[in-house]
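Novice: After the structure tokens below, expect a handful of questions from me.
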Amino acid sequence: MQQVKVNFMGGEVSFEMADDAAKKELAKGIEGLGYHVVTGDQSDARKDTRVFKNNFQRFLFCIVFTAPLMLHMIPGVHIHLLMDPYVQLGLTIPVFIVGMDFFGRSAIKSLLKGVPNMNVLVALGAVAAFGYSLYGTLIGQPEQFMFYDTTATILTLVFMGNWMEERSIETTQSALKKLAASQRSMANMIAYDDKHTEHVFPVESIHLKVGDLLLIKSGDTIPMDCKILWGEASVNEAIISGESAPVFKKMNDKLIGGSILDNGTVKAYVTAVGDDTVLSNILKMVKEAQAEKPPVQQLADKISAIFVPAVIGIALVTLLLNYFAGHQTFSNSLLRSIAVLVISCPCAMGLATPAAIAVGLGRAARNGVLFKNAKSLEIFKSIRQVVFDKTGTLTTGEFIISTFELFDRESSGVSRELSTDVTHGSRLTPHDEFKRIAFSLEKYSNHPIAKTIAKEWKTKDEIRWDRIEEIKGLGMKAVDKDGNQYTAGSFKTASQLTNDRSHNIYLIKNNILLGTIDVADEIRPEAKEVIRLLKIKGVKTILLSGDLQIKCEQVAKTLGMDEFFAEQTPQQKLEKIAALNRIAPTAMVGDGINDAPALAKATVGISLSDASQIAMQSAQVVLMNHGLQHLPLSLGLGKHTYITIKQNLFWAFAYNIIAIPVAALGFLNPTFSALSMGLSDVVLGINSVRLNFKKVM
């Protein structure tokens, strides 16, 4: 197997395997570890024939027989019939059978595989108490050997504890379950008959295909990722942004599956289904992040690996010391060793980290923040500097062309009659030809300024290039079929041709400057508040951009940033991030192709969801809300998730360190030990769920 990932909280394992024929053997091996395999293929999966499918059903069955045995624990209650050893044996046997079917089966399988689990401890305690009681009953001395109630209560209360643990784990997964549930909905599909008459009929979203036409009305859940063909609407995208304020959508805008159409009616066609949708990718990324273990979990893993054998050894020492050195009766010594077995909770150490991470990742996903790995959550606690790119990150990236200038024959040696439009056989004006060249170059770039030029100056008569490439941090470079070389880029591309560095784009043909283009951009409305919140928390804010000095200075001053670096190439950005990392842990927020190296180099790389693909791949964190407003939340959530992990681990270790000696000294009987063991996991779940409500910003 390769790429093995275990999501403990989600109860899922994923891996890659080249040999499909080995599936049955693999399933058999996993079954041998005590797990039930569900493959989706009935020929591979073992049919589960057990009567009880979950711990709650087992608990309900067992409590019916255990409750009478526990009556004598109530002060003043004494029922003579229930003190009869054979009556107690009869009440205990059903509980013992159900308990051994679960704990015993799992314990034996884990021992045979050499990886003893916590069920070994429970099974040992129950078998010891039951066997000792049965021995006393058979030899006719039940008075000194009556531990049937101990056997039944141990098994019943551990079933209850397991059920409570499962419920608390489910609670930690609630945010993700809401996301998953929104993937299934009904859709109104549009179809046409042979007379081209439109018909609308309902269909489940899981049956949709790319290209299907849909009618989406007010109140409908958008079934899959779509693109609007007709109509306008207000859409609630809280499912992936955390913001309930409706977003206006018009023709050609994209709709995200799972979001809700608040008001309006649209016709749209499906652009992605199944695992290719935005929501599916969010869930996939969160599950992958859950499966990863942050460094803080490594100590707990090492201790957990030897925990069960160590507890069995401690229980044995407890029995011997109490009997031989403590002068206790064998019955009391056995009870204390059973209490040690039952009160120990190795699963608390296993739950401590994944429970907190599950809640942290779930809350982040609900607010449009995606962590690609759990390590990033932990690293966020130490971030002291945040570096921002400018264009598309601190600014909206929605540009308009403010001015453009063509140079005449005298200043640049370029004729005003730049070329002939071969398609129509008429001469283009210099302005039209200038726009045509700019569009033909910039349409191949993902840079926000390039997208603006390509959008505003779009023409059908574009130049067909012999070759074209985008040079990171500089711009576009192309050669036409006649061998003419064209460049559209920053001042660095024209530094040999002019000293005027105040423009955004310089257009060059055969090393001759044709003209310049300037665009206007606006600062994101949330940027100033984000910078303010970061500064309140003592985080240094730095602007790192390839844009002009004067423009970077203006943005940094407007937002109140601590420092700025302008006119940086991708290599210079990389070097600057490396230098900042040496000073303090640094996060980098960027969105362009030229930011990718810096994002990968930063302690934590953060990308926006509308960023270039390479930027999103280089970043460890993605902000899904097309903006920065949840950046402080992501930093705070990372810090508080780490705090919760430390609290959980402290509880897990402290519980076992204190509880085991207390049980060994006889201050806790096995019944209360079983109850406290179950509750210890619930404490972790409750503490982790607090992350959903804590103020982290």
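Ordered as shown in the structure tokens, chains take letters A, B, and onward, while each chain numbers its residues from 1 and ligands are numbered from 1 in the order shown.
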Residues at most 12 Å from A:Leu548, counting only C-alpha atoms, excluding those fewer than 4 positions away in the same chain, as a PyMOL selection string?
Specialist: chain A and resi 390-391+490-492+500-505+518+544+552-555+564-569
Novice: List the neighbours of A:Ala527 out to 9 Å using only C-alpha atoms; skip same-chain residues closer than 3 positions along the sequence, and give me the result as number ranges by chain.
Specialist: A: 393-395, 523-524, 530-532, 559, 627-629
Novice: A:Asp149, A:Asp225, A:Asp562, A:Asp212: which is nearest A:Leu534, counting only C-alpha atoms?
Specialist: A:Asp562
Novice: When DSSP is applied to the backbone of this structure, which of stretch 337-504 of chain A are assigned strand (DSSP E)? Write them out as a VMD selection string.
Specialist: chain A and resid 369 to 371 385 to 388 400 to 406 420 to 421 426 to 427 465 to 471 475 to 480 485 to 489
Novice: Residues near stretch 581-589 of chain A, anyone? I mean within 6 Å using only C-alpha atoms, not counting same-chain ones fewer than 5 positions away, as an mmCIF file with all heavy atoms, in the first residue's frame.
Specialist:
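Done, and the output landed in selection.cif:
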```cif
data_model
loop_
_atom_site.group_PDB
_atom_site.id
_atom_site.type_symbol
_atom_site.label_atom_id
_atom_site.label_comp_id
_atom_site.auth_asym_id
_atom_site.auth_seq_id
_atom_site.Cartn_x
_atom_site.Cartn_y
_atom_site.Cartn_z
ATOM 1 N N ILE A 383 3.278 32.397 14.751
ATOM 2 C CA ILE A 383 3.433 33.410 13.696
ATOM 3 C C ILE A 383 3.538 34.804 14.311
ATOM 4 O O ILE A 383 2.689 35.211 15.106
ATOM 5 C CB ILE A 383 2.253 33.358 12.701
ATOM 6 C CG1 ILE A 383 2.273 32.048 11.914
ATOM 7 C CG2 ILE A 383 2.292 34.551 11.756
ATOM 8 C CD1 ILE A 383 3.493 31.864 11.048
ATOM 9 N N ARG A 384 4.596 35.523 13.948
ATOM 10 C CA ARG A 384 4.816 36.873 14.469
ATOM 11 C C ARG A 384 4.832 37.926 13.361
ATOM 12 O O ARG A 384 4.832 39.119 13.642
ATOM 13 C CB ARG A 384 6.154 36.923 15.233
ATOM 14 C CG ARG A 384 6.172 36.069 16.486
ATOM 15 C CD ARG A 384 5.222 36.613 17.537
ATOM 16 N NE ARG A 384 5.152 35.743 18.709
ATOM 17 C CZ ARG A 384 4.273 34.768 18.873
ATOM 18 N NH1 ARG A 384 3.358 34.559 17.929
ATOM 19 N NH2 ARG A 384 4.269 34.016 19.945
ATOM 20 N N GLN A 385 4.897 37.470 12.104
ATOM 21 C CA GLN A 385 4.921 38.397 10.974
ATOM 22 C C GLN A 385 4.011 37.857 9.876
ATOM 23 O O GLN A 385 3.996 36.654 9.626
ATOM 24 C CB GLN A 385 6.340 38.545 10.405
ATOM 25 C CG GLN A 385 7.376 38.992 11.416
ATOM 26 C CD GLN A 385 8.767 39.061 10.807
ATOM 27 O OE1 GLN A 385 9.350 40.135 10.742
ATOM 28 N NE2 GLN A 385 9.307 37.954 10.360
ATOM 29 N N VAL A 386 3.257 38.750 9.245
ATOM 30 C CA VAL A 386 2.449 38.356 8.093
ATOM 31 C C VAL A 386 2.840 39.250 6.926
ATOM 32 O O VAL A 386 2.780 40.480 7.010
ATOM 33 C CB VAL A 386 0.936 38.492 8.369
ATOM 34 C CG1 VAL A 386 0.145 38.125 7.117
ATOM 35 C CG2 VAL A 386 0.520 37.591 9.524
ATOM 36 N N VAL A 387 3.255 38.604 5.834
ATOM 37 C CA VAL A 387 3.673 39.315 4.632
ATOM 38 C C VAL A 387 2.544 39.235 3.611
ATOM 39 O O VAL A 387 1.995 38.156 3.366
ATOM 40 C CB VAL A 387 4.962 38.686 4.055
ATOM 41 C CG1 VAL A 387 5.343 39.380 2.755
ATOM 42 C CG2 VAL A 387 6.097 38.784 5.068
ATOM 43 N N PHE A 388 2.204 40.373 3.006
ATOM 44 C CA PHE A 388 1.117 40.429 2.028
ATOM 45 C C PHE A 388 1.656 40.813 0.652
ATOM 46 O O PHE A 388 2.480 41.720 0.530
ATOM 47 C CB PHE A 388 0.077 41.482 2.426
ATOM 48 C CG PHE A 388 -0.659 41.184 3.688
ATOM 49 C CD1 PHE A 388 -0.149 41.590 4.918
ATOM 50 C CD2 PHE A 388 -1.880 40.515 3.669
ATOM 51 C CE1 PHE A 388 -0.835 41.330 6.092
ATOM 52 C CE2 PHE A 388 -2.568 40.260 4.840
ATOM 53 C CZ PHE A 388 -2.047 40.657 6.054
ATOM 54 N N LEU A 599 5.297 31.673 -1.223
ATOM 55 C CA LEU A 599 4.297 30.953 -0.427
ATOM 56 C C LEU A 599 4.853 29.624 0.070
ATOM 57 O O LEU A 599 4.613 29.210 1.204
ATOM 58 C CB LEU A 599 3.035 30.707 -1.257
ATOM 59 C CG LEU A 599 2.155 31.919 -1.547
ATOM 60 C CD1 LEU A 599 1.077 31.570 -2.572
ATOM 61 C CD2 LEU A 599 1.497 32.446 -0.273
ATOM 62 N N ALA A 602 7.584 30.357 2.893
ATOM 63 C CA ALA A 602 7.136 30.918 4.172
ATOM 64 C C ALA A 602 6.862 29.830 5.198
ATOM 65 O O ALA A 602 6.631 28.668 4.842
ATOM 66 C CB ALA A 602 5.878 31.761 3.947
ATOM 67 N N THR A 603 6.891 30.207 6.470
ATOM 68 C CA THR A 603 6.551 29.258 7.529
ATOM 69 C C THR A 603 5.166 28.685 7.275
ATOM 70 O O THR A 603 4.938 27.480 7.391
ATOM 71 C CB THR A 603 6.579 29.955 8.906
ATOM 72 O OG1 THR A 603 7.812 30.653 9.052
ATOM 73 C CG2 THR A 603 6.444 28.925 10.028
ATOM 74 N N VAL A 604 4.229 29.565 6.917
ATOM 75 C CA VAL A 604 2.897 29.147 6.476
ATOM 76 C C VAL A 604 2.520 29.985 5.262
ATOM 77 O O VAL A 604 2.564 31.214 5.318
ATOM 78 C CB VAL A 604 1.830 29.341 7.578
ATOM 79 C CG1 VAL A 604 0.452 28.968 7.040
ATOM 80 C CG2 VAL A 604 2.148 28.503 8.797
ATOM 81 N N GLY A 605 2.174 29.318 4.155
ATOM 82 C CA GLY A 605 1.718 30.018 2.964
ATOM 83 C C GLY A 605 0.205 30.071 2.941
ATOM 84 O O GLY A 605 -0.463 29.067 3.172
ATOM 85 N N ILE A 606 -0.361 31.262 2.677
ATOM 86 C CA ILE A 606 -1.813 31.454 2.670
ATOM 87 C C ILE A 606 -2.217 32.012 1.310
ATOM 88 O O ILE A 606 -1.674 33.023 0.865
ATOM 89 C CB ILE A 606 -2.256 32.420 3.791
ATOM 90 C CG1 ILE A 606 -1.762 31.912 5.155
ATOM 91 C CG2 ILE A 606 -3.765 32.586 3.800
ATOM 92 C CD1 ILE A 606 -1.946 32.918 6.277
ATOM 93 N N SER A 607 -3.174 31.350 0.671
ATOM 94 C CA SER A 607 -3.621 31.768 -0.652
ATOM 95 C C SER A 607 -5.111 32.077 -0.627
ATOM 96 O O SER A 607 -5.852 31.564 0.213
ATOM 97 C CB SER A 607 -3.328 30.661 -1.674
ATOM 98 O OG SER A 607 -3.932 30.947 -2.911
#
```
Novice: Please, what distance in Å, to one decimal, runs between atom CA of A:Phe65 and atom CA of A:Ser110?
Specialist: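 Spanning atom CA of A:Phe65 to atom CA of A:Ser110 is a straight-line distance of 28.4 Å.
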Novice: Select, from A:Pro223, A:Thr558, A:Leu377, A:Ile658, the residue with the minimum atom-to-atom distance to A:Pro354, counting only C-alpha atoms.
Specialist: A:Leu377
Novice: Excluding same-chain residues fewer than 3 positions from stretch 268-275 of chain A, what lies within 8 Å of it counting only C-alpha atoms, as a list in words?
Specialist: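 Answer for this query is Ile206, Leu208, Lys209, Val210, Gly211, Asp212, Leu213, Leu214, Leu215, Ile216, Met224, Asp225, Cys226, Lys227, Ile228, Leu229, Trp230, Ser280 and Asn281 of chain A.
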Novice: Would you pick out the contacts of A:Leu316 at 12 Å or less, using only C-alpha atoms, so that residues sharing its chain but fewer than 5 positions from it are not included, and give the list as JSON, numbers by chain?
Specialist: {"A": [121, 124, 125, 128, 309, 310, 311, 321, 322, 323, 333, 334, 335, 336, 337, 338, 339, 340, 341, 664]}
Novice: Generate a file of the selected residues that holds C-alpha atoms, formatted as an mmCIF file, in the first residue's frame.
Specialist:
```
data_model
loop_
_atom_site.group_PDB
_atom_site.id
_atom_site.type_symbol
_atom_site.label_atom_id
_atom_site.label_comp_id
_atom_site.auth_asym_id
_atom_site.auth_seq_id
_atom_site.Cartn_x
_atom_site.Cartn_y
_atom_site.Cartn_z
ATOM 1 C CA LEU A 121 -7.626 -4.116 29.709
ATOM 2 C CA LEU A 124 -8.932 -8.849 31.430
ATOM 3 C CA GLY A 125 -10.742 -7.009 34.213
ATOM 4 C CA ALA A 128 -10.805 -11.854 36.224
ATOM 5 C CA PRO A 309 1.455 -3.700 28.306
ATOM 6 C CA ALA A 310 2.594 -1.214 30.963
ATOM 7 C CA VAL A 311 -0.875 -1.096 32.573
ATOM 8 C CA LEU A 321 2.035 -5.865 46.430
ATOM 9 C CA ASN A 322 -1.414 -5.533 47.992
ATOM 10 C CA TYR A 323 -1.557 -9.239 48.801
ATOM 11 C CA SER A 333 -6.033 -7.241 46.018
ATOM 12 C CA LEU A 334 -7.796 -8.592 42.947
ATOM 13 C CA LEU A 335 -10.403 -5.825 43.062
ATOM 14 C CA ARG A 336 -7.666 -3.193 43.144
ATOM 15 C CA SER A 337 -5.802 -4.736 40.212
ATOM 16 C CA ILE A 338 -9.083 -4.921 38.259
ATOM 17 C CA ALA A 339 -9.713 -1.254 39.074
ATOM 18 C CA VAL A 340 -6.261 -0.403 37.664
ATOM 19 C CA LEU A 341 -7.070 -2.270 34.451
ATOM 20 C CA ALA A 664 -4.045 0.665 43.030
#
```
Novice: Please give the complete set of residues from stretch 224-470 of chain A that DSSP, run on the backbone, assigns to helix (DSSP H, G or I), formatted as a VMD selection string.
Specialist: chain A and resid 238 to 241 274 to 276 278 to 291 297 to 325 330 to 343 346 to 366 374 to 382 390 to 394 409 to 412 430 to 442 448 to 456
Novice: Can you list, as a PyMOL selection string, every protein, DNA or RNA residue that comes within 9 Å of A:Phe102 when you count only C-alpha atoms, leaving out same-chain residues fewer than 5 positions away?
Specialist: chain A and resi 97+107+119
Novice: For the residues in the current selection, export N, CA, C and O atoms as a compact mmCIF listing (two decimals), in the first residue's frame.
Specialist:
```txt
# COMPACT_ATOMS: atom_id res chain seq x y z
N ILE A 97 -21.52 -12.41 28.04
CA ILE A 97 -21.47 -12.91 26.65
C ILE A 97 -21.40 -11.74 25.66
O ILE A 97 -20.57 -11.73 24.74
N ALA A 107 -9.97 -7.86 21.83
CA ALA A 107 -8.74 -8.04 22.60
C ALA A 107 -7.90 -9.18 22.05
O ALA A 107 -6.68 -9.06 21.87
N ASN A 119 -9.18 -2.57 24.78
CA ASN A 119 -10.15 -3.63 25.06
C ASN A 119 -9.52 -4.81 25.77
O ASN A 119 -10.20 -5.59 26.43
```
Novice: Atom CA of A:Gly546 to atom CA of A:Gly473: how many Å, to one decimal?
Specialist: 6.7 Å
Novice: Excluding A:Glu166 and any residue of its chain fewer than 4 positions from it, enumerate the residues within 9 Å of it, using only C-alpha atoms, and give them as JSON, numbers by chain.
Specialist: {"A": [55, 161, 162, 170, 171, 682]}
Novice: Convert the current residue selection to file output with C-alpha atoms, as a PDB file, in the first residue's frame.
Specialist:
```
ATOM      1  CA  ASN A  55     -22.442   0.474  21.698  1.00  0.00           C
ATOM      2  CA  GLY A 161     -18.630   5.310  28.092  1.00  0.00           C
ATOM      3  CA  ASN A 162     -17.883   4.179  24.546  1.00  0.00           C
ATOM      4  CA  GLU A 170     -19.793  13.046  16.406  1.00  0.00           C
ATOM      5  CA  THR A 171     -20.229  16.499  17.911  1.00  0.00           C
ATOM      6  CA  VAL A 682     -16.176  12.712  27.220  1.00  0.00           C
TER       7      VAL A 682
END
```
Novice: For each of A:Ile401, A:Gly636, A:Asp84, A:Met17, take the minimum atom-to-atom distance to A:Gln141, counting only C-alpha atoms, then give the residue where this is smallest.
Specialist: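 Residue with the minimum atom-to-atom distance to A:Gln141: A:Asp84.
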Novice: Could you state the separation of atom CA of A:Phe307 and atom CA of A:Val98 in Å, given to one decimal place?
Specialist: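 According to the coordinates, atom CA of A:Phe307 and atom CA of A:Val98 are separated by 25.7 Å.
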